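Here's the structure we're looking at; comments come further down.
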Amino acid sequence: MLFWENVILALNSLKSNKMRALLTMLGIIIGIGSVIAIFTVGNSVTLSVSTNLQDVGANDVYVSVVEKKEEEADKDAALDGLHFGTIGSSEEMEDKDYMTVDMIHDLCEEYQDDIYAISCSQNLSSTEVSVEGNDATITVIGANVGYFIPNKVEMTAGAMFSASDFEEGKMVCMVEEGLVDDLFDGDYEGAVGQELEFLIEDQAVTLTIAGVYHNESQYASMFNFNMGSNLYIPINAAKRIQRSDLKFSTIEVVANVGVDSGELSNKITKFFDRYYAANDSFEISAYTFTSLVNMLDSILATVTSAISLIAAIALVVGGIGVMNIMLVSVTERTREIGTRKALGAKNSSIRAQFLVEAIIICLIGGVIGLVLGVAGGMALTNYMGYPAAPSIGGILLSIGFSVSIGLIFGYVPANKAAKMNPIDALRYE
Amino acid sequence: MAEIIRLENIVKRFYIGQPNELEILHGISLSVEDGEFVSIVGPSGSGKSTLMNLIGALDRPTSGSYYLDGIDVEKAAENDLSEIRNRKIGFVFQTYNLIAKTNAIKNVELPMLYAGYSASARRKRAMELLDLVEMTDRAKHLPEELSGGQKQRVAIARAMANDPAIILADEPTGALDTKTGRLVMDLFHKLNKENKKTIVLITHSPELASETDRIINIRDGRITEEGGAI
């Protein structure tokens, strides 16, 4: 009963000093706002990455050719897996440095119990394709059967390549919805069976559209740096087009259910050592997404704790501001306190009154900070291209935090008010 | 008649044990009967404020005993003093001391709030009291929207809130012009006659004091003379 009276009193008191209240709240607003924004961004990124990894398969092993390090000691470092293919390497890869079909074949035989599928692809160059005056940019990718196990595609029209398409390397292709939108005005059914003619690797090719697929994997949009949309052809067709043996700088191994992907990646590295022992410049690195996620998590945790520390400082500063203004308020209202005491307010009632006022200041500041933080965090995650996911834990935490700050920093002023001598307080000018 | 206030040999010292120890009241004894309207008169520095603080249970005497409506105030703990002030005493101050930014009816409700009455009971009683002081039409007004006399009437309604044993009025007309002061004094007379309220009026005005049943003169911390109205 008295509690609600105190809340109303506190609100009235804030209303009569709006500017002062707002300035006092600023520290709390900034503190809570930044904590919430960071939590929101962190939560969204973590959530989106782990969801994507479920799509992609965190258990898959990524095998790539990487440049040999000067120092052998670094070889077993956990971050080894971060050398994506040949990005940033100073030496050009020659034909002998790539993984060959034979190697992959042997790998399959050796670990047939562990390996469910191997995804290989051959990226041909990007090119322009035009149909009846409509132009589009495509990236032609030769893919094997296994490619479509980790890289799921959903057929909108037509059908996936058949076993004979793959084996014989027929000149068929699967195109993305976007390409059909550009070339055939979005007529997905009508596009199936149509022929695409274009120049690639200095030769003219004609491909029949076997199917139209819908690509909804966010992972693809996250890491896909290719120009235009992907056009898939059977890997043997790619081999025919490029008129040379297939060679791979990266493959993806899908482990059987129940196989420890970490162990498998060690086996794979060891397996390839026999081919690359004599290679001076390159070797094979196998890694799983789990290691990548762990690293991402630790980076995120570091950033979060650093910003949380800054926010904590802002909150303490804000709390001191609240304490300061409450002390001013108590002094200003000395006569009121004296009157209340004369009318029968107990020390505890006075203490509660000012404590509630301090808590209300912090709580309002906290809620404003919360709203700004969630809005800011969501804007930031949207900008970064992740689905926004405000953290419920962070929201509850910030509410709890603001109340605690009010309690901690409001106690001293409230106690000062409670301990006032009513006679002196009544006489205060 | 029942005795409402009984002071026995009250001594009040300040700065006890320090070089500047000061005795303000040198053994005051007095009693007030139920329904009496008494005035305490004395020049400033006479100890009349100190006496008022003791009667109002805002302070405790250094020695002597004080019974208010049968309660031994001297033995009361701090929280009990709050309760005594809340239930037994209605304060009326020279400067009104209404709570700022709080409307008239909320001000009147305040003692009842601390006494723990429900919101509806408080509202009902407060309206009755505002009616008693003829301030019903100003119930929702803030103190800063009221004139001095109106403020004092609200303050008197507030003093009556918990039906106290005594009303302790400290220079209630001190800040008012003669005409308004007259109205406030009439209100006290009405409360005394019609509501049978015991009223202790502290004043330095012999004229106002002469209207009361009994005048208690204080000088240098002692009661110099006691007498009925002339």
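Chain labels follow the order of the structure tokens: the first chain is A, the next B, and so on; residue numbering restarts at 1 in every chain, and ligands are counted from 1 in their shown order.
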As a PDB file with all heavy atoms, in the first residue's frame, could you give me every residue of chain B near chain A (at most 8 Å apart, counting only C-alpha atoms)?
```pdb
ATOM      1  N   ASN B  53       8.245  21.349  21.327  1.00  0.00           N
ATOM      2  CA  ASN B  53       8.835  20.135  20.765  1.00  0.00           C
ATOM      3  C   ASN B  53       8.643  18.941  21.689  1.00  0.00           C
ATOM      4  O   ASN B  53       8.415  17.822  21.233  1.00  0.00           O
ATOM      5  CB  ASN B  53      10.325  20.336  20.501  1.00  0.00           C
ATOM      6  CG  ASN B  53      10.567  21.289  19.338  1.00  0.00           C
ATOM      7  OD1 ASN B  53       9.682  21.481  18.499  1.00  0.00           O
ATOM      8  ND2 ASN B  53      11.749  21.904  19.314  1.00  0.00           N
ATOM      9  N   LEU B  58       8.382  15.438  19.613  1.00  0.00           N
ATOM     10  CA  LEU B  58       9.461  15.521  18.638  1.00  0.00           C
ATOM     11  C   LEU B  58      10.802  15.342  19.333  1.00  0.00           C
ATOM     12  O   LEU B  58      11.815  15.097  18.698  1.00  0.00           O
ATOM     13  CB  LEU B  58       9.430  16.883  17.927  1.00  0.00           C
ATOM     14  CG  LEU B  58       8.273  17.106  16.951  1.00  0.00           C
ATOM     15  CD1 LEU B  58       8.139  18.576  16.605  1.00  0.00           C
ATOM     16  CD2 LEU B  58       8.465  16.281  15.688  1.00  0.00           C
ATOM     17  N   ASP B  59      10.772  15.472  20.646  1.00  0.00           N
ATOM     18  CA  ASP B  59      12.003  15.435  21.421  1.00  0.00           C
ATOM     19  C   ASP B  59      11.682  14.840  22.782  1.00  0.00           C
ATOM     20  O   ASP B  59      10.519  14.780  23.180  1.00  0.00           O
ATOM     21  CB  ASP B  59      12.538  16.869  21.586  1.00  0.00           C
ATOM     22  CG  ASP B  59      14.038  16.890  21.810  1.00  0.00           C
ATOM     23  OD1 ASP B  59      14.634  15.807  21.949  1.00  0.00           O
ATOM     24  OD2 ASP B  59      14.600  18.005  21.840  1.00  0.00           O
ATOM     25  N   ASN B  79      10.517   4.740  17.264  1.00  0.00           N
ATOM     26  CA  ASN B  79       9.373   4.390  16.416  1.00  0.00           C
ATOM     27  C   ASN B  79       8.046   4.645  17.126  1.00  0.00           C
ATOM     28  O   ASN B  79       7.062   5.002  16.491  1.00  0.00           O
ATOM     29  CB  ASN B  79       9.454   2.923  16.000  1.00  0.00           C
ATOM     30  CG  ASN B  79      10.179   2.776  14.666  1.00  0.00           C
ATOM     31  OD1 ASN B  79      10.308   3.747  13.916  1.00  0.00           O
ATOM     32  ND2 ASN B  79      10.640   1.571  14.390  1.00  0.00           N
ATOM     33  N   SER B  82       7.097   8.218  16.783  1.00  0.00           N
ATOM     34  CA  SER B  82       6.454   8.468  15.484  1.00  0.00           C
ATOM     35  C   SER B  82       4.975   8.143  15.578  1.00  0.00           C
ATOM     36  O   SER B  82       4.124   8.882  15.078  1.00  0.00           O
ATOM     37  CB  SER B  82       7.081   7.600  14.395  1.00  0.00           C
ATOM     38  OG  SER B  82       8.432   7.909  14.259  1.00  0.00           O
ATOM     39  N   GLU B  83       4.690   7.024  16.210  1.00  0.00           N
ATOM     40  CA  GLU B  83       3.301   6.594  16.311  1.00  0.00           C
ATOM     41  C   GLU B  83       2.495   7.539  17.198  1.00  0.00           C
ATOM     42  O   GLU B  83       1.336   7.844  16.902  1.00  0.00           O
ATOM     43  CB  GLU B  83       3.259   5.170  16.858  1.00  0.00           C
ATOM     44  CG  GLU B  83       1.954   4.494  16.548  1.00  0.00           C
ATOM     45  CD  GLU B  83       2.145   3.013  16.258  1.00  0.00           C
ATOM     46  OE1 GLU B  83       3.228   2.639  15.768  1.00  0.00           O
ATOM     47  OE2 GLU B  83       1.205   2.254  16.546  1.00  0.00           O
ATOM     48  N   ILE B  84       3.128   8.024  18.281  1.00  0.00           N
ATOM     49  CA  ILE B  84       2.435   8.975  19.165  1.00  0.00           C
ATOM     50  C   ILE B  84       2.109  10.253  18.394  1.00  0.00           C
ATOM     51  O   ILE B  84       0.993  10.763  18.444  1.00  0.00           O
ATOM     52  CB  ILE B  84       3.308   9.283  20.407  1.00  0.00           C
ATOM     53  CG1 ILE B  84       3.371   8.044  21.312  1.00  0.00           C
ATOM     54  CG2 ILE B  84       2.762  10.487  21.171  1.00  0.00           C
ATOM     55  CD1 ILE B  84       4.452   8.120  22.379  1.00  0.00           C
ATOM     56  N   ARG B  85       3.105  10.753  17.636  1.00  0.00           N
ATOM     57  CA  ARG B  85       2.873  11.958  16.838  1.00  0.00           C
ATOM     58  C   ARG B  85       1.761  11.720  15.829  1.00  0.00           C
ATOM     59  O   ARG B  85       0.927  12.573  15.570  1.00  0.00           O
ATOM     60  CB  ARG B  85       4.152  12.357  16.086  1.00  0.00           C
ATOM     61  CG  ARG B  85       5.276  12.822  16.965  1.00  0.00           C
ATOM     62  CD  ARG B  85       6.325  13.565  16.165  1.00  0.00           C
ATOM     63  NE  ARG B  85       7.066  12.702  15.247  1.00  0.00           N
ATOM     64  CZ  ARG B  85       8.221  12.113  15.554  1.00  0.00           C
ATOM     65  NH1 ARG B  85       8.771  12.300  16.739  1.00  0.00           N
ATOM     66  NH2 ARG B  85       8.834  11.352  14.672  1.00  0.00           N
ATOM     67  N   ASN B  86       1.776  10.536  15.266  1.00  0.00           N
ATOM     68  CA  ASN B  86       0.813  10.193  14.232  1.00  0.00           C
ATOM     69  C   ASN B  86      -0.618  10.121  14.770  1.00  0.00           C
ATOM     70  O   ASN B  86      -1.544  10.650  14.164  1.00  0.00           O
ATOM     71  CB  ASN B  86       1.227   8.851  13.605  1.00  0.00           C
ATOM     72  CG  ASN B  86       0.351   8.467  12.427  1.00  0.00           C
ATOM     73  OD1 ASN B  86      -0.227   7.402  12.406  1.00  0.00           O
ATOM     74  ND2 ASN B  86       0.266   9.355  11.444  1.00  0.00           N
ATOM     75  N   ARG B  87      -0.778   9.468  15.940  1.00  0.00           N
ATOM     76  CA  ARG B  87      -2.133   9.167  16.432  1.00  0.00           C
ATOM     77  C   ARG B  87      -2.657  10.200  17.423  1.00  0.00           C
ATOM     78  O   ARG B  87      -3.859  10.413  17.512  1.00  0.00           O
ATOM     79  CB  ARG B  87      -2.132   7.808  17.157  1.00  0.00           C
ATOM     80  CG  ARG B  87      -1.644   6.671  16.314  1.00  0.00           C
ATOM     81  CD  ARG B  87      -2.767   6.161  15.453  1.00  0.00           C
ATOM     82  NE  ARG B  87      -2.338   5.001  14.701  1.00  0.00           N
ATOM     83  CZ  ARG B  87      -3.173   4.141  14.142  1.00  0.00           C
ATOM     84  NH1 ARG B  87      -4.483   4.330  14.264  1.00  0.00           N
ATOM     85  NH2 ARG B  87      -2.732   3.129  13.456  1.00  0.00           N
ATOM     86  N   GLY B  90      -1.906  16.547  16.579  1.00  0.00           N
ATOM     87  CA  GLY B  90      -2.130  17.184  15.290  1.00  0.00           C
ATOM     88  C   GLY B  90      -1.352  18.484  15.243  1.00  0.00           C
ATOM     89  O   GLY B  90      -1.653  19.422  15.976  1.00  0.00           O
ATOM     90  N   PHE B  91      -0.335  18.518  14.379  1.00  0.00           N
ATOM     91  CA  PHE B  91       0.500  19.725  14.312  1.00  0.00           C
ATOM     92  C   PHE B  91      -0.082  20.753  13.356  1.00  0.00           C
ATOM     93  O   PHE B  91      -0.532  20.419  12.254  1.00  0.00           O
ATOM     94  CB  PHE B  91       1.901  19.369  13.802  1.00  0.00           C
ATOM     95  CG  PHE B  91       2.762  18.690  14.816  1.00  0.00           C
ATOM     96  CD1 PHE B  91       2.815  17.303  14.891  1.00  0.00           C
ATOM     97  CD2 PHE B  91       3.528  19.437  15.699  1.00  0.00           C
ATOM     98  CE1 PHE B  91       3.619  16.682  15.818  1.00  0.00           C
ATOM     99  CE2 PHE B  91       4.340  18.816  16.633  1.00  0.00           C
ATOM    100  CZ  PHE B  91       4.386  17.437  16.696  1.00  0.00           C
ATOM    101  N   ASN B  97       3.532  24.236   6.213  1.00  0.00           N
ATOM    102  CA  ASN B  97       4.232  22.985   5.931  1.00  0.00           C
ATOM    103  C   ASN B  97       3.375  21.960   5.191  1.00  0.00           C
ATOM    104  O   ASN B  97       3.419  20.773   5.505  1.00  0.00           O
ATOM    105  CB  ASN B  97       4.767  22.353   7.223  1.00  0.00           C
ATOM    106  CG  ASN B  97       5.999  23.075   7.724  1.00  0.00           C
ATOM    107  OD1 ASN B  97       6.347  24.144   7.206  1.00  0.00           O
ATOM    108  ND2 ASN B  97       6.654  22.516   8.715  1.00  0.00           N
ATOM    109  N   LEU B  98       2.635  22.436   4.205  1.00  0.00           N
ATOM    110  CA  LEU B  98       1.973  21.458   3.330  1.00  0.00           C
ATOM    111  C   LEU B  98       3.039  20.873   2.411  1.00  0.00           C
ATOM    112  O   LEU B  98       4.020  21.536   2.086  1.00  0.00           O
ATOM    113  CB  LEU B  98       0.878  22.143   2.502  1.00  0.00           C
ATOM    114  CG  LEU B  98      -0.291  22.727   3.298  1.00  0.00           C
ATOM    115  CD1 LEU B  98      -1.322  23.313   2.344  1.00  0.00           C
ATOM    116  CD2 LEU B  98      -0.941  21.666   4.176  1.00  0.00           C
ATOM    117  N   ILE B  99       2.847  19.610   2.025  1.00  0.00           N
ATOM    118  CA  ILE B  99       3.812  18.985   1.130  1.00  0.00           C
ATOM    119  C   ILE B  99       3.605  19.570  -0.268  1.00  0.00           C
ATOM    120  O   ILE B  99       2.503  19.540  -0.814  1.00  0.00           O
ATOM    121  CB  ILE B  99       3.616  17.445   1.079  1.00  0.00           C
ATOM    122  CG1 ILE B  99       3.631  16.837   2.487  1.00  0.00           C
ATOM    123  CG2 ILE B  99       4.659  16.794   0.183  1.00  0.00           C
ATOM    124  CD1 ILE B  99       4.937  16.953   3.223  1.00  0.00           C
ATOM    125  N   ALA B 100       4.690  20.107  -0.820  1.00  0.00           N
ATOM    126  CA  ALA B 100       4.610  20.768  -2.122  1.00  0.00           C
ATOM    127  C   ALA B 100       4.242  19.777  -3.216  1.00  0.00           C
ATOM    128  O   ALA B 100       4.519  18.583  -3.106  1.00  0.00           O
ATOM    129  CB  ALA B 100       5.949  21.417  -2.443  1.00  0.00           C
ATOM    130  N   LYS B 101       3.631  20.277  -4.262  1.00  0.00           N
ATOM    131  CA  LYS B 101       3.255  19.473  -5.433  1.00  0.00           C
ATOM    132  C   LYS B 101       2.347  18.301  -5.087  1.00  0.00           C
ATOM    133  O   LYS B 101       2.318  17.290  -5.770  1.00  0.00           O
ATOM    134  CB  LYS B 101       4.501  18.958  -6.163  1.00  0.00           C
ATOM    135  CG  LYS B 101       5.134  20.035  -7.006  1.00  0.00           C
ATOM    136  CD  LYS B 101       6.618  19.922  -7.042  1.00  0.00           C
ATOM    137  CE  LYS B 101       7.211  21.186  -7.603  1.00  0.00           C
ATOM    138  NZ  LYS B 101       8.530  21.461  -7.073  1.00  0.00           N
ATOM    139  N   LEU B 110      -2.290  12.363   4.382  1.00  0.00           N
ATOM    140  CA  LEU B 110      -0.945  11.899   4.742  1.00  0.00           C
ATOM    141  C   LEU B 110      -0.841  11.208   6.109  1.00  0.00           C
ATOM    142  O   LEU B 110      -0.317  10.094   6.192  1.00  0.00           O
ATOM    143  CB  LEU B 110       0.021  13.081   4.643  1.00  0.00           C
ATOM    144  CG  LEU B 110       1.492  12.737   4.461  1.00  0.00           C
ATOM    145  CD1 LEU B 110       1.706  11.822   3.272  1.00  0.00           C
ATOM    146  CD2 LEU B 110       2.303  14.010   4.299  1.00  0.00           C
ATOM    147  N   PRO B 111      -1.344  11.827   7.199  1.00  0.00           N
ATOM    148  CA  PRO B 111      -1.243  11.134   8.495  1.00  0.00           C
ATOM    149  C   PRO B 111      -1.975   9.791   8.496  1.00  0.00           C
ATOM    150  O   PRO B 111      -1.528   8.841   9.133  1.00  0.00           O
ATOM    151  CB  PRO B 111      -1.917  12.108   9.471  1.00  0.00           C
ATOM    152  CG  PRO B 111      -1.852  13.431   8.803  1.00  0.00           C
ATOM    153  CD  PRO B 111      -1.967  13.145   7.340  1.00  0.00           C
ATOM    154  N   LEU B 113      -2.268   7.888   5.911  1.00  0.00           N
ATOM    155  CA  LEU B 113      -1.418   6.978   5.137  1.00  0.00           C
ATOM    156  C   LEU B 113      -0.408   6.311   6.066  1.00  0.00           C
ATOM    157  O   LEU B 113      -0.228   5.097   6.041  1.00  0.00           O
ATOM    158  CB  LEU B 113      -0.699   7.779   4.054  1.00  0.00           C
ATOM    159  CG  LEU B 113       0.252   7.013   3.141  1.00  0.00           C
ATOM    160  CD1 LEU B 113      -0.539   6.175   2.159  1.00  0.00           C
ATOM    161  CD2 LEU B 113       1.157   7.968   2.376  1.00  0.00           C
ATOM    162  N   TYR B 114       0.234   7.138   6.908  1.00  0.00           N
ATOM    163  CA  TYR B 114       1.227   6.582   7.827  1.00  0.00           C
ATOM    164  C   TYR B 114       0.574   5.725   8.902  1.00  0.00           C
ATOM    165  O   TYR B 114       1.214   4.877   9.499  1.00  0.00           O
ATOM    166  CB  TYR B 114       2.064   7.701   8.455  1.00  0.00           C
ATOM    167  CG  TYR B 114       2.984   8.357   7.451  1.00  0.00           C
ATOM    168  CD1 TYR B 114       3.000   9.734   7.264  1.00  0.00           C
ATOM    169  CD2 TYR B 114       3.840   7.581   6.677  1.00  0.00           C
ATOM    170  CE1 TYR B 114       3.837  10.322   6.334  1.00  0.00           C
ATOM    171  CE2 TYR B 114       4.678   8.158   5.745  1.00  0.00           C
ATOM    172  CZ  TYR B 114       4.677   9.533   5.572  1.00  0.00           C
ATOM    173  OH  TYR B 114       5.507  10.101   4.650  1.00  0.00           O
ATOM    174  N   ALA B 115      -0.729   5.974   9.162  1.00  0.00           N
ATOM    175  CA  ALA B 115      -1.438   5.159  10.144  1.00  0.00           C
ATOM    176  C   ALA B 115      -1.920   3.846   9.537  1.00  0.00           C
ATOM    177  O   ALA B 115      -2.382   2.970  10.259  1.00  0.00           O
ATOM    178  CB  ALA B 115      -2.617   5.937  10.715  1.00  0.00           C
ATOM    179  N   SER B 118      -6.845   2.339   4.621  1.00  0.00           N
ATOM    180  CA  SER B 118      -6.990   2.017   3.203  1.00  0.00           C
ATOM    181  C   SER B 118      -7.247   3.306   2.418  1.00  0.00           C
ATOM    182  O   SER B 118      -7.668   4.322   2.984  1.00  0.00           O
ATOM    183  CB  SER B 118      -8.161   1.064   2.997  1.00  0.00           C
ATOM    184  OG  SER B 118      -9.371   1.761   3.186  1.00  0.00           O
TER     185      SER B 118
END
```
Inset, instruction - Using only C-alpha atoms, determine which residues lie at most 10 Å from A:Cys120, disregarding the query and same-chain residues fewer than 4 positions distant; provide the list as a list in words. - result: Val101, Ile104, Gly142, Ala143, Asn144, Val145, Gly146, Tyr147, Phe148, Ile235, Leu246, Lys247, Phe248, Ser249, Thr250, Ile251, Glu252 and Val253 of chain A
Serialized selection, all heavy atoms, as a compact mmCIF listing (two decimals), in the first residue's frame:
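Written file, again.txt:
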```txt
# COMPACT_ATOMS: atom_id res chain seq x y z
N VAL A 101 41.76 -36.36 -58.21
CA VAL A 101 40.66 -37.31 -58.09
C VAL A 101 41.15 -38.62 -57.47
O VAL A 101 40.49 -39.22 -56.63
CB VAL A 101 40.02 -37.56 -59.47
CG1 VAL A 101 38.96 -38.64 -59.38
CG2 VAL A 101 39.44 -36.28 -60.02
N ILE A 104 41.52 -38.38 -53.72
CA ILE A 104 40.22 -38.39 -53.05
C ILE A 104 39.63 -39.79 -53.08
O ILE A 104 39.05 -40.25 -52.10
CB ILE A 104 39.29 -37.35 -53.72
CG1 ILE A 104 39.86 -35.95 -53.46
CG2 ILE A 104 37.87 -37.46 -53.21
CD1 ILE A 104 39.26 -34.88 -54.32
N GLY A 142 31.27 -26.83 -61.36
CA GLY A 142 31.11 -28.26 -61.59
C GLY A 142 31.04 -28.95 -60.25
O GLY A 142 31.92 -28.77 -59.42
N ALA A 143 29.97 -29.72 -60.02
CA ALA A 143 29.78 -30.32 -58.71
C ALA A 143 29.62 -31.82 -58.83
O ALA A 143 29.04 -32.31 -59.81
CB ALA A 143 28.56 -29.71 -58.03
N ASN A 144 30.13 -32.55 -57.81
CA ASN A 144 29.93 -34.00 -57.82
C ASN A 144 28.66 -34.33 -57.03
O ASN A 144 27.99 -33.43 -56.50
CB ASN A 144 31.16 -34.72 -57.24
CG ASN A 144 31.27 -34.55 -55.74
OD1 ASN A 144 30.70 -33.62 -55.18
ND2 ASN A 144 31.99 -35.45 -55.11
N VAL A 145 28.33 -35.60 -56.95
CA VAL A 145 27.11 -36.00 -56.25
C VAL A 145 27.15 -35.54 -54.79
O VAL A 145 26.19 -35.00 -54.25
CB VAL A 145 26.94 -37.54 -56.28
CG1 VAL A 145 25.57 -37.94 -55.75
CG2 VAL A 145 27.14 -38.08 -57.68
N GLY A 146 28.34 -35.74 -54.19
CA GLY A 146 28.49 -35.43 -52.77
C GLY A 146 28.32 -33.95 -52.46
O GLY A 146 27.95 -33.57 -51.36
N TYR A 147 28.56 -33.12 -53.46
CA TYR A 147 28.49 -31.66 -53.25
C TYR A 147 27.13 -31.25 -52.70
O TYR A 147 27.02 -30.35 -51.87
CB TYR A 147 28.76 -30.94 -54.57
CG TYR A 147 28.73 -29.44 -54.47
CD1 TYR A 147 29.88 -28.73 -54.14
CD2 TYR A 147 27.56 -28.72 -54.69
CE1 TYR A 147 29.87 -27.36 -54.03
CE2 TYR A 147 27.53 -27.34 -54.59
CZ TYR A 147 28.69 -26.66 -54.26
OH TYR A 147 28.66 -25.31 -54.16
N PHE A 148 26.10 -31.91 -53.16
CA PHE A 148 24.75 -31.48 -52.78
C PHE A 148 24.29 -32.04 -51.44
O PHE A 148 23.17 -31.82 -51.01
CB PHE A 148 23.76 -31.82 -53.89
CG PHE A 148 24.04 -31.06 -55.15
CD1 PHE A 148 24.72 -31.64 -56.21
CD2 PHE A 148 23.68 -29.72 -55.23
CE1 PHE A 148 25.02 -30.91 -57.35
CE2 PHE A 148 23.97 -28.99 -56.37
CZ PHE A 148 24.64 -29.58 -57.44
N ILE A 235 30.28 -32.47 -62.48
CA ILE A 235 31.72 -32.19 -62.42
C ILE A 235 32.44 -32.71 -63.66
O ILE A 235 33.41 -32.10 -64.13
CB ILE A 235 32.32 -32.75 -61.11
CG1 ILE A 235 33.67 -32.08 -60.83
CG2 ILE A 235 32.43 -34.26 -61.14
CD1 ILE A 235 34.11 -32.18 -59.40
N LEU A 246 40.70 -32.95 -63.27
CA LEU A 246 40.12 -32.19 -62.16
C LEU A 246 41.17 -32.02 -61.07
O LEU A 246 41.95 -32.93 -60.81
CB LEU A 246 38.91 -32.95 -61.59
CG LEU A 246 37.74 -33.09 -62.56
CD1 LEU A 246 36.73 -34.07 -62.01
CD2 LEU A 246 37.09 -31.74 -62.82
N LYS A 247 41.21 -30.84 -60.46
CA LYS A 247 42.11 -30.61 -59.33
C LYS A 247 41.39 -29.72 -58.32
O LYS A 247 40.60 -28.86 -58.70
CB LYS A 247 43.43 -29.97 -59.79
CG LYS A 247 43.23 -28.73 -60.66
CD LYS A 247 44.54 -28.33 -61.29
CE LYS A 247 44.38 -27.27 -62.36
NZ LYS A 247 44.43 -25.94 -62.11
N PHE A 248 41.67 -30.01 -57.09
CA PHE A 248 40.90 -29.33 -56.03
C PHE A 248 41.82 -28.67 -55.01
O PHE A 248 42.80 -29.26 -54.58
CB PHE A 248 40.01 -30.34 -55.30
CG PHE A 248 39.15 -31.14 -56.23
CD1 PHE A 248 39.52 -32.42 -56.62
CD2 PHE A 248 37.98 -30.59 -56.74
CE1 PHE A 248 38.73 -33.16 -57.49
CE2 PHE A 248 37.19 -31.33 -57.60
CZ PHE A 248 37.57 -32.62 -57.99
N SER A 249 41.50 -27.48 -54.68
CA SER A 249 42.22 -26.84 -53.56
C SER A 249 41.44 -27.04 -52.26
O SER A 249 42.00 -26.95 -51.17
CB SER A 249 42.44 -25.36 -53.83
OG SER A 249 41.19 -24.71 -53.91
N THR A 250 40.15 -27.29 -52.37
CA THR A 250 39.33 -27.51 -51.18
C THR A 250 38.31 -28.60 -51.46
O THR A 250 37.70 -28.61 -52.53
CB THR A 250 38.51 -26.25 -50.83
OG1 THR A 250 39.17 -25.12 -51.36
CG2 THR A 250 38.31 -26.10 -49.35
N ILE A 251 38.15 -29.49 -50.50
CA ILE A 251 37.03 -30.42 -50.56
C ILE A 251 36.38 -30.46 -49.19
O ILE A 251 36.95 -29.98 -48.21
CB ILE A 251 37.46 -31.85 -50.98
CG1 ILE A 251 38.48 -32.41 -49.97
CG2 ILE A 251 37.98 -31.87 -52.40
CD1 ILE A 251 38.76 -33.88 -50.15
N GLU A 252 35.17 -31.01 -49.17
CA GLU A 252 34.46 -31.07 -47.90
C GLU A 252 34.08 -32.52 -47.67
O GLU A 252 33.49 -33.17 -48.54
CB GLU A 252 33.20 -30.20 -48.01
CG GLU A 252 32.52 -29.93 -46.69
CD GLU A 252 31.34 -28.99 -46.89
OE1 GLU A 252 31.32 -28.23 -47.88
OE2 GLU A 252 30.42 -29.04 -46.06
N VAL A 253 34.48 -33.05 -46.50
CA VAL A 253 34.19 -34.44 -46.20
C VAL A 253 33.04 -34.51 -45.21
O VAL A 253 33.10 -33.91 -44.14
CB VAL A 253 35.44 -35.14 -45.61
CG1 VAL A 253 35.12 -36.57 -45.23
CG2 VAL A 253 36.59 -35.09 -46.61
```
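Non-sequential neighbours of B:Asp131 (distance at most 12 Å, separation of 2 or more positions within a chain, only C-alpha atoms) are Ala104, Ile105, Val108, Lys124, Arg125, Ala126, Met127, Glu128, Leu129, Val133, Glu134, Met135, Thr136, Asp137, Arg138, Ala139, Arg153, Val154, Ile156, Ala157 and Arg158 of chain B.
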Legend entry - Surrounding residues of A:Ile138 excluding itself and chain neighbours under 3 positions, 12 Å, only C-alpha atoms, as number ranges by chain: A: 123-130, 135, 141, 173-176, 178-180, 182-183, 196-200, 226-232
Give me, as a tab-separated table, each residue of stretch 139-186 of chain B that comes within 12 Å of stretch 15-35 of chain B, together with its shortest interatomic pair and the distance in Å at one decimal, counting only C-alpha atoms, with rows ordered by chain and rising residue number.
```
residue	atom	partner	partner_atom	distance
B:Pro164	CA	B:Asp34	CA	11.6
B:Ala165	CA	B:Asp34	CA	8.2
B:Ile166	CA	B:Asp34	CA	8.6
B:Ile167	CA	B:Gly35	CA	10.5
```
I need the residues from that last selection saved to file as an mmCIF file, in the first residue's frame (with N, CA, C and O atoms), if you can.
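Wrote out_6.cif, looks like this:
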```cif
data_model
loop_
_atom_site.group_PDB
_atom_site.id
_atom_site.type_symbol
_atom_site.label_atom_id
_atom_site.label_comp_id
_atom_site.auth_asym_id
_atom_site.auth_seq_id
_atom_site.Cartn_x
_atom_site.Cartn_y
_atom_site.Cartn_z
ATOM 1 N N PRO B 164 -6.653 13.277 16.702
ATOM 2 C CA PRO B 164 -5.624 13.266 17.741
ATOM 3 C C PRO B 164 -6.167 13.702 19.103
ATOM 4 O O PRO B 164 -7.249 14.299 19.178
ATOM 5 N N ALA B 165 -5.396 13.380 20.144
ATOM 6 C CA ALA B 165 -5.778 13.791 21.491
ATOM 7 C C ALA B 165 -5.647 15.304 21.631
ATOM 8 O O ALA B 165 -6.463 15.941 22.295
ATOM 9 N N ILE B 166 -4.601 15.871 21.037
ATOM 10 C CA ILE B 166 -4.432 17.324 21.106
ATOM 11 C C ILE B 166 -4.071 17.888 19.741
ATOM 12 O O ILE B 166 -3.510 17.189 18.900
ATOM 13 N N ILE B 167 -4.420 19.173 19.566
ATOM 14 C CA ILE B 167 -3.903 19.897 18.413
ATOM 15 C C ILE B 167 -2.871 20.865 18.946
ATOM 16 O O ILE B 167 -3.123 21.611 19.902
#
```
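By only C-alpha atoms, and with residues fewer than 2 positions from stretch 151-164 of chain A along its chain excluded, the set lying at most 8 Å from it is Val56, Tyr147, Phe148, Ile149, Phe166, Glu167, Glu168, Gly169, Lys170, Val172, Cys173, Met174, Glu177, Tyr188, Glu189, Val192, Ala210, Gly211, Val212, Tyr213, His214, Asn215, Glu216, Ser217 and Pro234 of chain A.
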